[in-house]
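What's in start-v2.pdb: PDB, C-alpha atoms and all ligand atoms
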```pdb
ATOM      1  CA  MET A1099      -8.473 -19.760 -14.967  1.00  0.00           C
ATOM      2  CA  SER A1100      -6.847 -16.344 -15.347  1.00  0.00           C
ATOM      3  CA  GLN A1101      -3.278 -15.688 -14.338  1.00  0.00           C
ATOM      4  CA  VAL A1102      -2.463 -14.797 -10.715  1.00  0.00           C
ATOM      5  CA  LYS A1103      -2.065 -11.028 -10.266  1.00  0.00           C
ATOM      6  CA  HIS A1104       1.018  -9.892  -8.361  1.00  0.00           C
ATOM      7  CA  VAL A1105       0.368  -7.161  -5.815  1.00  0.00           C
ATOM      8  CA  ALA A1106       3.168  -4.953  -4.512  1.00  0.00           C
ATOM      9  CA  VAL A1107       2.412  -4.105  -0.882  1.00  0.00           C
ATOM     10  CA  LEU A1108       3.867  -0.899   0.558  1.00  0.00           C
ATOM     11  CA  VAL A1109       3.908  -0.581   4.330  1.00  0.00           C
ATOM     12  CA  GLY A1110       4.119   2.988   5.624  1.00  0.00           C
ATOM     13  CA  SER A1111       5.892   2.072   8.868  1.00  0.00           C
ATOM     14  CA  LEU A1112       9.561   1.094   9.104  1.00  0.00           C
ATOM     15  CA  ARG A1113       9.168  -0.157  12.682  1.00  0.00           C
ATOM     16  CA  LYS A1114      10.097  -3.804  13.331  1.00  0.00           C
ATOM     17  CA  GLU A1115       6.997  -4.450  15.444  1.00  0.00           C
ATOM     18  CA  SER A1116       4.746  -2.386  13.166  1.00  0.00           C
ATOM     19  CA  ILE A1117       1.042  -3.131  13.457  1.00  0.00           C
ATOM     20  CA  ASN A1118       0.643  -2.151   9.795  1.00  0.00           C
ATOM     21  CA  ARG A1119       3.284  -4.673   8.721  1.00  0.00           C
ATOM     22  CA  LYS A1120       1.464  -7.355  10.709  1.00  0.00           C
ATOM     23  CA  ILE A1121      -1.762  -6.392   8.945  1.00  0.00           C
ATOM     24  CA  ALA A1122       0.038  -6.659   5.597  1.00  0.00           C
ATOM     25  CA  LEU A1123       1.205 -10.177   6.451  1.00  0.00           C
ATOM     26  CA  ALA A1124      -2.266 -11.150   7.658  1.00  0.00           C
ATOM     27  CA  LEU A1125      -3.831  -9.867   4.421  1.00  0.00           C
ATOM     28  CA  ALA A1126      -1.254 -11.814   2.393  1.00  0.00           C
ATOM     29  CA  ASN A1127      -2.428 -14.988   4.144  1.00  0.00           C
ATOM     30  CA  LEU A1128      -6.093 -14.195   3.637  1.00  0.00           C
ATOM     31  CA  ALA A1129      -5.737 -13.284  -0.046  1.00  0.00           C
ATOM     32  CA  PRO A1130      -7.734 -15.433  -2.478  1.00  0.00           C
ATOM     33  CA  PRO A1131      -5.772 -17.466  -5.074  1.00  0.00           C
ATOM     34  CA  SER A1132      -6.327 -14.852  -7.797  1.00  0.00           C
ATOM     35  CA  ILE A1133      -3.846 -12.428  -6.191  1.00  0.00           C
ATOM     36  CA  LYS A1134      -0.458 -12.827  -4.520  1.00  0.00           C
ATOM     37  CA  LEU A1135       0.750 -10.155  -2.103  1.00  0.00           C
ATOM     38  CA  GLU A1136       4.420  -9.324  -1.606  1.00  0.00           C
ATOM     39  CA  ILE A1137       5.847  -6.519   0.512  1.00  0.00           C
ATOM     40  CA  VAL A1138       8.183  -4.188  -1.411  1.00  0.00           C
ATOM     41  CA  GLU A1139      10.531  -2.581   1.107  1.00  0.00           C
ATOM     42  CA  ILE A1140      10.826   1.212   1.142  1.00  0.00           C
ATOM     43  CA  GLY A1141      13.188   1.804   4.075  1.00  0.00           C
ATOM     44  CA  ASP A1142      16.400   1.873   2.040  1.00  0.00           C
ATOM     45  CA  LEU A1143      15.276   4.513  -0.481  1.00  0.00           C
ATOM     46  CA  PRO A1144      17.369   7.691  -0.185  1.00  0.00           C
ATOM     47  CA  LEU A1145      15.233  10.825   0.237  1.00  0.00           C
ATOM     48  CA  TYR A1146      14.172  11.817  -3.248  1.00  0.00           C
ATOM     49  CA  SER A1147      16.249  14.491  -4.941  1.00  0.00           C
ATOM     50  CA  GLU A1148      16.362  15.300  -8.645  1.00  0.00           C
ATOM     51  CA  ASP A1149      20.089  15.855  -8.210  1.00  0.00           C
ATOM     52  CA  ILE A1150      20.859  12.307  -7.109  1.00  0.00           C
ATOM     53  CA  ASP A1151      18.397  10.964  -9.679  1.00  0.00           C
ATOM     54  CA  VAL A1152      20.675  12.178 -12.499  1.00  0.00           C
ATOM     55  CA  THR A1153      22.527   8.921 -11.788  1.00  0.00           C
ATOM     56  CA  PRO A1154      19.824   6.932 -10.009  1.00  0.00           C
ATOM     57  CA  PRO A1155      20.948   4.983  -6.937  1.00  0.00           C
ATOM     58  CA  ALA A1156      20.548   1.202  -7.229  1.00  0.00           C
ATOM     59  CA  ALA A1157      17.802   1.329  -4.579  1.00  0.00           C
ATOM     60  CA  TYR A1158      15.708   3.637  -6.806  1.00  0.00           C
ATOM     61  CA  GLN A1159      16.146   1.394  -9.834  1.00  0.00           C
ATOM     62  CA  THR A1160      15.306  -1.809  -7.981  1.00  0.00           C
ATOM     63  CA  PHE A1161      12.229  -0.223  -6.431  1.00  0.00           C
ATOM     64  CA  ARG A1162      10.953   1.144  -9.745  1.00  0.00           C
ATOM     65  CA  GLU A1163      11.481  -2.211 -11.441  1.00  0.00           C
ATOM     66  CA  LYS A1164       9.565  -4.041  -8.698  1.00  0.00           C
ATOM     67  CA  ILE A1165       6.595  -1.668  -8.938  1.00  0.00           C
ATOM     68  CA  LYS A1166       6.588  -1.794 -12.748  1.00  0.00           C
ATOM     69  CA  ALA A1167       6.686  -5.603 -12.652  1.00  0.00           C
ATOM     70  CA  SER A1168       3.657  -5.753 -10.339  1.00  0.00           C
ATOM     71  CA  ASP A1169       0.052  -5.841 -11.534  1.00  0.00           C
ATOM     72  CA  ALA A1170      -1.347  -3.819  -8.628  1.00  0.00           C
ATOM     73  CA  VAL A1171      -0.371  -1.853  -5.519  1.00  0.00           C
ATOM     74  CA  LEU A1172      -1.727  -2.047  -1.981  1.00  0.00           C
ATOM     75  CA  PHE A1173      -0.847   0.597   0.617  1.00  0.00           C
ATOM     76  CA  ILE A1174      -1.023  -0.235   4.322  1.00  0.00           C
ATOM     77  CA  THR A1175      -0.063   2.661   6.501  1.00  0.00           C
ATOM     78  CA  PRO A1176      -0.138   4.390   9.845  1.00  0.00           C
ATOM     79  CA  GLU A1177      -0.896   8.085  10.145  1.00  0.00           C
ATOM     80  CA  TYR A1178       1.881  10.464  11.156  1.00  0.00           C
ATOM     81  CA  ASN A1179       0.693  13.890  12.278  1.00  0.00           C
ATOM     82  CA  ARG A1180      -2.589  13.430  10.433  1.00  0.00           C
ATOM     83  CA  SER A1181      -0.833  12.631   7.170  1.00  0.00           C
ATOM     84  CA  VAL A1182       1.237  10.084   5.229  1.00  0.00           C
ATOM     85  CA  PRO A1183       4.506   8.948   6.881  1.00  0.00           C
ATOM     86  CA  ALA A1184       7.514  10.501   5.133  1.00  0.00           C
ATOM     87  CA  ALA A1185       8.962   7.116   4.138  1.00  0.00           C
ATOM     88  CA  LEU A1186       5.820   6.251   2.189  1.00  0.00           C
ATOM     89  CA  LYS A1187       5.526   9.662   0.526  1.00  0.00           C
ATOM     90  CA  ASN A1188       9.198   9.334  -0.447  1.00  0.00           C
ATOM     91  CA  ALA A1189       8.490   5.951  -2.054  1.00  0.00           C
ATOM     92  CA  LEU A1190       5.625   7.494  -4.034  1.00  0.00           C
ATOM     93  CA  ASP A1191       7.942  10.251  -5.236  1.00  0.00           C
ATOM     94  CA  VAL A1192      10.744   7.855  -6.192  1.00  0.00           C
ATOM     95  CA  GLY A1193       8.321   5.676  -8.159  1.00  0.00           C
ATOM     96  CA  SER A1194       6.856   8.685  -9.960  1.00  0.00           C
ATOM     97  CA  ARG A1195      10.096   9.622 -11.711  1.00  0.00           C
ATOM     98  CA  PRO A1196      11.762   9.963 -14.227  1.00  0.00           C
ATOM     99  CA  TYR A1197       9.102  12.347 -15.504  1.00  0.00           C
ATOM    100  CA  GLY A1198       6.825  10.560 -17.939  1.00  0.00           C
ATOM    101  CA  GLN A1199       7.956   7.105 -16.775  1.00  0.00           C
ATOM    102  CA  SER A1200       6.009   6.742 -13.537  1.00  0.00           C
ATOM    103  CA  ALA A1201       5.913   3.206 -12.194  1.00  0.00           C
ATOM    104  CA  TRP A1202       2.464   3.746 -10.673  1.00  0.00           C
ATOM    105  CA  SER A1203       0.289   4.676 -13.601  1.00  0.00           C
ATOM    106  CA  GLY A1204      -2.707   2.394 -14.114  1.00  0.00           C
ATOM    107  CA  LYS A1205      -1.940  -0.030 -11.259  1.00  0.00           C
ATOM    108  CA  PRO A1206      -5.145  -0.863  -9.391  1.00  0.00           C
ATOM    109  CA  GLY A1207      -4.717   0.273  -5.787  1.00  0.00           C
ATOM    110  CA  ALA A1208      -6.284   0.261  -2.361  1.00  0.00           C
ATOM    111  CA  VAL A1209      -5.464   1.989   0.904  1.00  0.00           C
ATOM    112  CA  VAL A1210      -5.632   0.425   4.362  1.00  0.00           C
ATOM    113  CA  SER A1211      -4.778   2.613   7.343  1.00  0.00           C
ATOM    114  CA  ALA A1212      -4.399   1.505  10.940  1.00  0.00           C
ATOM    115  CA  SER A1213      -3.791   3.311  14.200  1.00  0.00           C
ATOM    116  CA  PRO A1214      -4.036   2.542  17.904  1.00  0.00           C
ATOM    117  CA  GLY A1215      -6.106   5.746  18.010  1.00  0.00           C
ATOM    118  CA  ALA A1216      -9.815   6.229  17.457  1.00  0.00           C
ATOM    119  CA  ILE A1217      -9.968   7.399  13.840  1.00  0.00           C
ATOM    120  CA  GLY A1218      -7.927   4.653  12.197  1.00  0.00           C
ATOM    121  CA  GLY A1219      -5.520   6.841  10.245  1.00  0.00           C
ATOM    122  CA  PHE A1220      -8.280   8.543   8.276  1.00  0.00           C
ATOM    123  CA  GLY A1221      -6.096  11.608   7.603  1.00  0.00           C
ATOM    124  CA  ALA A1222      -3.217   9.552   6.193  1.00  0.00           C
ATOM    125  CA  ASN A1223      -5.608   7.419   4.182  1.00  0.00           C
ATOM    126  CA  HIS A1224      -7.132  10.396   2.414  1.00  0.00           C
ATOM    127  CA  HIS A1225      -3.909  12.363   1.954  1.00  0.00           C
ATOM    128  CA  LEU A1226      -2.492   9.268   0.293  1.00  0.00           C
ATOM    129  CA  ARG A1227      -5.537   8.987  -1.954  1.00  0.00           C
ATOM    130  CA  GLN A1228      -4.950  12.588  -3.052  1.00  0.00           C
ATOM    131  CA  SER A1229      -1.512  11.650  -4.427  1.00  0.00           C
ATOM    132  CA  LEU A1230      -2.895   8.456  -5.970  1.00  0.00           C
ATOM    133  CA  VAL A1231      -5.383  10.486  -8.019  1.00  0.00           C
ATOM    134  CA  PHE A1232      -2.531  12.409  -9.592  1.00  0.00           C
ATOM    135  CA  LEU A1233      -0.445   9.250 -10.037  1.00  0.00           C
ATOM    136  CA  ASN A1234      -3.312   7.593 -11.948  1.00  0.00           C
ATOM    137  CA  VAL A1235      -3.702   4.737  -9.476  1.00  0.00           C
ATOM    138  CA  PRO A1236      -7.383   3.753  -9.670  1.00  0.00           C
ATOM    139  CA  CYS A1237      -8.270   3.147  -6.022  1.00  0.00           C
ATOM    140  CA  MET A1238     -10.872   0.783  -4.639  1.00  0.00           C
ATOM    141  CA  GLN A1239     -13.567   2.916  -3.033  1.00  0.00           C
ATOM    142  CA  GLN A1240     -15.345   0.359  -0.826  1.00  0.00           C
ATOM    143  CA  PRO A1241     -14.953  -0.990   1.702  1.00  0.00           C
ATOM    144  CA  GLU A1242     -13.095   1.983   3.167  1.00  0.00           C
ATOM    145  CA  THR A1243     -10.520   0.552   5.538  1.00  0.00           C
ATOM    146  CA  TYR A1244      -9.662   2.581   8.622  1.00  0.00           C
ATOM    147  CA  ILE A1245      -8.553   0.234  11.409  1.00  0.00           C
ATOM    148  CA  SER A1246      -8.979   2.033  14.733  1.00  0.00           C
ATOM    149  CA  ASN A1247      -7.812   0.720  18.135  1.00  0.00           C
ATOM    150  CA  ALA A1248      -5.332  -1.318  16.115  1.00  0.00           C
ATOM    151  CA  GLY A1249      -3.349  -2.227  19.226  1.00  0.00           C
ATOM    152  CA  THR A1250      -6.146  -4.655  20.094  1.00  0.00           C
ATOM    153  CA  ILE A1251      -6.741  -6.466  16.801  1.00  0.00           C
ATOM    154  CA  PHE A1252      -4.176  -9.247  17.358  1.00  0.00           C
ATOM    155  CA  ASP A1253      -4.569 -11.776  20.145  1.00  0.00           C
ATOM    156  CA  ASP A1254      -1.722 -12.923  22.417  1.00  0.00           C
ATOM    157  CA  GLY A1255      -0.699 -15.518  19.835  1.00  0.00           C
ATOM    158  CA  GLY A1256      -0.357 -12.827  17.152  1.00  0.00           C
ATOM    159  CA  LYS A1257      -3.515 -13.874  15.280  1.00  0.00           C
ATOM    160  CA  LEU A1258      -6.200 -11.446  14.158  1.00  0.00           C
ATOM    161  CA  THR A1259      -9.245 -11.472  16.383  1.00  0.00           C
ATOM    162  CA  GLU A1260     -12.237 -13.156  14.755  1.00  0.00           C
ATOM    163  CA  LYS A1261     -14.196  -9.971  14.085  1.00  0.00           C
ATOM    164  CA  THR A1262     -11.239  -8.181  12.486  1.00  0.00           C
ATOM    165  CA  GLN A1263     -10.273 -11.232  10.449  1.00  0.00           C
ATOM    166  CA  SER A1264     -13.777 -11.385   9.026  1.00  0.00           C
ATOM    167  CA  PHE A1265     -13.563  -7.711   7.992  1.00  0.00           C
ATOM    168  CA  MET A1266     -10.073  -8.189   6.554  1.00  0.00           C
ATOM    169  CA  GLN A1267     -11.337 -11.111   4.488  1.00  0.00           C
ATOM    170  CA  THR A1268     -14.048  -8.873   3.072  1.00  0.00           C
ATOM    171  CA  VAL A1269     -11.466  -6.204   2.269  1.00  0.00           C
ATOM    172  CA  ILE A1270      -9.008  -8.485   0.513  1.00  0.00           C
ATOM    173  CA  ASN A1271     -11.725 -10.292  -1.444  1.00  0.00           C
ATOM    174  CA  ALA A1272     -13.102  -6.951  -2.632  1.00  0.00           C
ATOM    175  CA  TYR A1273      -9.601  -5.836  -3.576  1.00  0.00           C
ATOM    176  CA  ALA A1274      -8.965  -9.046  -5.555  1.00  0.00           C
ATOM    177  CA  ASP A1275     -12.211  -8.384  -7.467  1.00  0.00           C
ATOM    178  CA  TRP A1276     -11.111  -4.778  -8.044  1.00  0.00           C
ATOM    179  CA  VAL A1277      -7.716  -5.855  -9.410  1.00  0.00           C
ATOM    180  CA  LEU A1278      -9.303  -8.327 -11.817  1.00  0.00           C
ATOM    181  CA  LEU A1279     -11.950  -5.830 -12.946  1.00  0.00           C
ATOM    182  CA  GLN A1280      -9.342  -3.135 -13.611  1.00  0.00           C
ATOM    183  CA  SER A1281      -7.062  -5.573 -15.418  1.00  0.00           C
ATOM    184  CA  ARG A1282      -9.907  -6.557 -17.751  1.00  0.00           C
ATOM    185  CA  THR A1283     -10.930  -2.932 -18.324  1.00  0.00           C
ATOM    186  CA  GLN A1284      -7.407  -1.871 -19.210  1.00  0.00           C
ATOM    187  CA  LYS A1285      -6.938  -4.599 -21.830  1.00  0.00           C
TER     188      LYS A1285
HETATM  189  C1  LIG B1301       5.828  10.771  14.224  1.00  0.00           C
HETATM  190  C2  LIG B1301       4.539  10.111  14.640  1.00  0.00           C
HETATM  191  C3  LIG B1301       3.351  10.768  14.402  1.00  0.00           C
HETATM  192  C4  LIG B1301       2.137  10.144  14.740  1.00  0.00           C
HETATM  193  N1  LIG B1301       0.969  10.781  14.442  1.00  0.00           N
HETATM  194  C5  LIG B1301      -0.204  10.099  14.598  1.00  0.00           C
HETATM  195  C6  LIG B1301      -1.419  10.644  14.085  1.00  0.00           C
HETATM  196  O1  LIG B1301      -1.472  11.720  13.504  1.00  0.00           O
HETATM  197  N2  LIG B1301      -2.558   9.915  14.238  1.00  0.00           N
HETATM  198  C7  LIG B1301      -2.557   8.677  14.842  1.00  0.00           C
HETATM  199  O2  LIG B1301      -3.603   8.060  14.948  1.00  0.00           O
HETATM  200  N3  LIG B1301      -1.405   8.148  15.346  1.00  0.00           N
HETATM  201  C8  LIG B1301      -0.239   8.821  15.224  1.00  0.00           C
HETATM  202  N4  LIG B1301       0.939   8.265  15.667  1.00  0.00           N
HETATM  203  C9  LIG B1301       0.891   6.984  16.386  1.00  0.00           C
HETATM  204  C10 LIG B1301       0.911   5.826  15.418  1.00  0.00           C
HETATM  205  O3  LIG B1301      -0.413   5.596  14.953  1.00  0.00           O
HETATM  206  C11 LIG B1301       1.411   4.563  16.135  1.00  0.00           C
HETATM  207  O4  LIG B1301       2.735   4.756  16.559  1.00  0.00           O
HETATM  208  C12 LIG B1301       1.281   3.333  15.262  1.00  0.00           C
HETATM  209  O5  LIG B1301       1.483   2.178  16.024  1.00  0.00           O
HETATM  210  C13 LIG B1301       2.269   3.377  14.120  1.00  0.00           C
HETATM  211  O6  LIG B1301       2.020   2.315  13.246  1.00  0.00           O
HETATM  212  P1  LIG B1301       2.919   1.007  13.247  1.00  0.00           P
HETATM  213  O7  LIG B1301       2.546   0.216  14.501  1.00  0.00           O
HETATM  214  O8  LIG B1301       2.534   0.282  12.003  1.00  0.00           O
HETATM  215  O9  LIG B1301       4.360   1.415  13.305  1.00  0.00           O
HETATM  216  C14 LIG B1301       2.146   8.867  15.351  1.00  0.00           C
HETATM  217  C15 LIG B1301       3.372   8.221  15.584  1.00  0.00           C
HETATM  218  C16 LIG B1301       4.547   8.830  15.227  1.00  0.00           C
HETATM  219  C17 LIG B1301       5.853   8.086  15.453  1.00  0.00           C
END
```
Before we go any further, please render this structure as structure tokens.
Ligand SMILES: Cc1cc2nc3c(=O)[nH]c(=O)nc-3n(C[C@H](O)[C@H](O)[C@H](O)COP(=O)(O)O)c2cc1C
Amino acid sequence: MSQVKHVAVLVGSLRKESINRKIALALANLAPPSIKLEIVEIGDLPLYSEDIDVTPPAAYQTFREKIKASDAVLFITPEYNRSVPAALKNALDVGSRPYGQSAWSGKPGAVVSASPGAIGGFGANHHLRQSLVFLNVPCMQQPETYISNAGTIFDDGGKLTEKTQSFMQTVINAYADWVLLQSRTQK
């Protein structure tokens, strides 16, 4: 049996009651034994500046170490003004430096976007993928995961509705396969 792969999960919302955070936690519970999901917090990262990175703040260093120590990265995000929330873009930027020492390169990735609206964060999802191409994060292509009407996917007890849970299971199983495939390919 191969070793469990550790997945760093980045949630694009800093809101306590975030739907995307709840989705992240639900996916962590649904994950097959081959992968283990853990949220890496991004809310305490100072806005990226090359000036402050001359002497990197502790928050930058800790974040970079956590991403480097992970085997894979999973992004779960809302859409802000048809794009990636600033906190998540900032985390991408922090992890991409110092130049030539990006924490992201080669980590198998996937993007899940969720919105109470009708198009499920499609704009954020694809803007994020644009950065991930440059950052050399090979992204799972299918199933594409745009969760629309996301305000309705949890029941009163906070559990995913049956239909959504079934889809989420498909997503996380496919992602686990993707992580293992990429890990083998990169050896
Ligand atoms: C600054 C801002 C911009 C937003 N822009 C969009 C948008 O472009 N598309 C969309 O579907 N929802 C948009 N929303 C609504 C979010 O999808 C909604 O607040 C969602 O619940 C945020 O995700 P969360 O529950 O994980 O915090 C926006 C919300 C904020 C605060």
Show me, as CSV, the residues of chain A having an atom within 12 Å of ligand LIG 1301 (chain B), each with the closest atom pair and its distance in Å, using all atoms listed in the file.
```
residue,atom,partner,partner_atom,distance
A:Leu1108,CA,B:LIG1301,O8,11.6
A:Val1109,CA,B:LIG1301,O8,7.8
A:Gly1110,CA,B:LIG1301,O8,7.1
A:Ser1111,CA,B:LIG1301,O9,4.7
A:Leu1112,CA,B:LIG1301,O9,6.7
A:Arg1113,CA,B:LIG1301,O9,5.1
A:Lys1114,CA,B:LIG1301,O9,7.8
A:Glu1115,CA,B:LIG1301,O7,6.5
A:Ser1116,CA,B:LIG1301,O8,3.7
A:Ile1117,CA,B:LIG1301,O7,3.8
A:Asn1118,CA,B:LIG1301,O8,3.8
A:Arg1119,CA,B:LIG1301,O8,6.0
A:Lys1120,CA,B:LIG1301,O8,7.8
A:Ile1121,CA,B:LIG1301,O8,8.5
A:Ala1122,CA,B:LIG1301,O8,9.8
A:Leu1123,CA,B:LIG1301,O8,11.9
A:Phe1173,CA,B:LIG1301,O8,11.9
A:Ile1174,CA,B:LIG1301,O8,8.5
A:Thr1175,CA,B:LIG1301,O8,6.5
A:Pro1176,CA,B:LIG1301,O6,4.5
A:Glu1177,CA,B:LIG1301,C6,4.7
A:Tyr1178,CA,B:LIG1301,N1,3.4
A:Asn1179,CA,B:LIG1301,O1,3.3
A:Arg1180,CA,B:LIG1301,O1,3.7
A:Ser1181,CA,B:LIG1301,O1,6.4
A:Val1182,CA,B:LIG1301,O1,8.9
A:Pro1183,CA,B:LIG1301,C1,7.7
A:Ala1184,CA,B:LIG1301,C1,9.2
A:Ala1185,CA,B:LIG1301,C1,11.2
A:Leu1186,CA,B:LIG1301,O8,11.9
A:Val1210,CA,B:LIG1301,O8,11.2
A:Ser1211,CA,B:LIG1301,O8,9.0
A:Ala1212,CA,B:LIG1301,O6,6.9
A:Ser1213,CA,B:LIG1301,O3,4.1
A:Pro1214,CA,B:LIG1301,O3,5.6
A:Gly1215,CA,B:LIG1301,O2,4.6
A:Ala1216,CA,B:LIG1301,O2,6.9
A:Ile1217,CA,B:LIG1301,O2,6.5
A:Gly1218,CA,B:LIG1301,O2,6.2
A:Gly1219,CA,B:LIG1301,O2,5.2
A:Phe1220,CA,B:LIG1301,O2,8.2
A:Gly1221,CA,B:LIG1301,O1,7.5
A:Ala1222,CA,B:LIG1301,O1,7.8
A:Asn1223,CA,B:LIG1301,N2,10.8
A:His1225,CA,B:LIG1301,O1,11.8
A:Tyr1244,CA,B:LIG1301,O2,10.3
A:Ile1245,CA,B:LIG1301,O2,9.9
A:Ser1246,CA,B:LIG1301,O2,8.1
A:Asn1247,CA,B:LIG1301,O2,9.0
A:Ala1248,CA,B:LIG1301,O5,7.7
A:Gly1249,CA,B:LIG1301,O5,7.3
A:Thr1250,CA,B:LIG1301,O5,11.0
A:Ile1251,CA,B:LIG1301,O7,11.7
A:Phe1252,CA,B:LIG1301,O7,12.0
```
### A:Thr1160 surroundings by all atoms listed in the file, 12 Å radius, close-in-sequence under 2 positions cut, as a ChimeraX atom specification
/A:1138-1140,1142-1143,1154-1158,1162-1167,1189,1192-1193,1201
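By only C-alpha atoms, and with residues fewer than 2 positions from A:Gln1267 along its chain excluded, the set lying at most 10 Å from it is A:Ala1124, A:Leu1125, A:Asn1127, A:Leu1128, A:Ala1129, A:Pro1130, A:Thr1262, A:Gln1263, A:Ser1264, A:Phe1265, A:Val1269, A:Ile1270, A:Asn1271, A:Ala1272, A:Tyr1273.
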Keeping C-alpha atoms, export the residues of the selection given above as a PDB file, in the coordinates of the input.
```pdb
ATOM      1  CA  ALA A1124      -2.266 -11.150   7.658  1.00  0.00           C
ATOM      2  CA  LEU A1125      -3.831  -9.867   4.421  1.00  0.00           C
ATOM      3  CA  ASN A1127      -2.428 -14.988   4.144  1.00  0.00           C
ATOM      4  CA  LEU A1128      -6.093 -14.195   3.637  1.00  0.00           C
ATOM      5  CA  ALA A1129      -5.737 -13.284  -0.046  1.00  0.00           C
ATOM      6  CA  PRO A1130      -7.734 -15.433  -2.478  1.00  0.00           C
ATOM      7  CA  THR A1262     -11.239  -8.181  12.486  1.00  0.00           C
ATOM      8  CA  GLN A1263     -10.273 -11.232  10.449  1.00  0.00           C
ATOM      9  CA  SER A1264     -13.777 -11.385   9.026  1.00  0.00           C
ATOM     10  CA  PHE A1265     -13.563  -7.711   7.992  1.00  0.00           C
ATOM     11  CA  VAL A1269     -11.466  -6.204   2.269  1.00  0.00           C
ATOM     12  CA  ILE A1270      -9.008  -8.485   0.513  1.00  0.00           C
ATOM     13  CA  ASN A1271     -11.725 -10.292  -1.444  1.00  0.00           C
ATOM     14  CA  ALA A1272     -13.102  -6.951  -2.632  1.00  0.00           C
ATOM     15  CA  TYR A1273      -9.601  -5.836  -3.576  1.00  0.00           C
TER      16      TYR A1273
END
```
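Ranking A:Ser1147, A:Thr1259, A:Ser1132, A:Thr1243 by their shortest atom-to-atom distance to A:Leu1279, with only C-alpha atoms included, puts A:Ser1132 first.
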### Query
So what does the PyMOL selection byres (((chain A and resi 1133) around 8) and not hetatm) actually pick up in this one, as an MDAnalysis selection string?
chainID A and resid 1102:1105 1129:1132 1134:1135 1274
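Using all atoms listed in the file, the shortest contact distance between A:Ile1150 and any of A:Lys1187, A:Leu1233, A:Ala1126, A:Pro1196 is found at A:Pro1196.
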### Query
From the list A:Met1266, A:Ala1208, A:Cys1237, A:Ala1106, which residue is nearest A:Asp1169 when using only C-alpha atoms?
A:Ala1106
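Interatomic distance, atom CA of A:Pro1206 against atom CA of A:Tyr1146: 23.9 Å.
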### Query
Do you have the atom CA of A:Leu1145-atom CA of A:Asn1188 distance handy?
6.3 Å
Answer key for the PyMOL selection byres (((chain A and resi 1231) around 12) and not hetatm), residues as an mmCIF file with C-alpha atoms, keeping the file's coordinate frame:
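And here is the file that came out, selection.cif:
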```cif
data_model
loop_
_atom_site.group_PDB
_atom_site.id
_atom_site.type_symbol
_atom_site.label_atom_id
_atom_site.label_comp_id
_atom_site.auth_asym_id
_atom_site.auth_seq_id
_atom_site.Cartn_x
_atom_site.Cartn_y
_atom_site.Cartn_z
ATOM 1 C CA TRP A 1202 2.464 3.746 -10.673
ATOM 2 C CA SER A 1203 0.289 4.676 -13.601
ATOM 3 C CA GLY A 1204 -2.707 2.394 -14.114
ATOM 4 C CA LYS A 1205 -1.940 -0.030 -11.259
ATOM 5 C CA PRO A 1206 -5.145 -0.863 -9.391
ATOM 6 C CA GLY A 1207 -4.717 0.273 -5.787
ATOM 7 C CA ALA A 1208 -6.284 0.261 -2.361
ATOM 8 C CA HIS A 1224 -7.132 10.396 2.414
ATOM 9 C CA HIS A 1225 -3.909 12.363 1.954
ATOM 10 C CA LEU A 1226 -2.492 9.268 0.293
ATOM 11 C CA ARG A 1227 -5.537 8.987 -1.954
ATOM 12 C CA GLN A 1228 -4.950 12.588 -3.052
ATOM 13 C CA SER A 1229 -1.512 11.650 -4.427
ATOM 14 C CA LEU A 1230 -2.895 8.456 -5.970
ATOM 15 C CA PHE A 1232 -2.531 12.409 -9.592
ATOM 16 C CA LEU A 1233 -0.445 9.250 -10.037
ATOM 17 C CA ASN A 1234 -3.312 7.593 -11.948
ATOM 18 C CA VAL A 1235 -3.702 4.737 -9.476
ATOM 19 C CA PRO A 1236 -7.383 3.753 -9.670
ATOM 20 C CA CYS A 1237 -8.270 3.147 -6.022
ATOM 21 C CA MET A 1238 -10.872 0.783 -4.639
#
```
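Taking atom CA of A:Gln1159 and atom CA of A:Arg1282 as the two end points, the separation is 28.4 Å.
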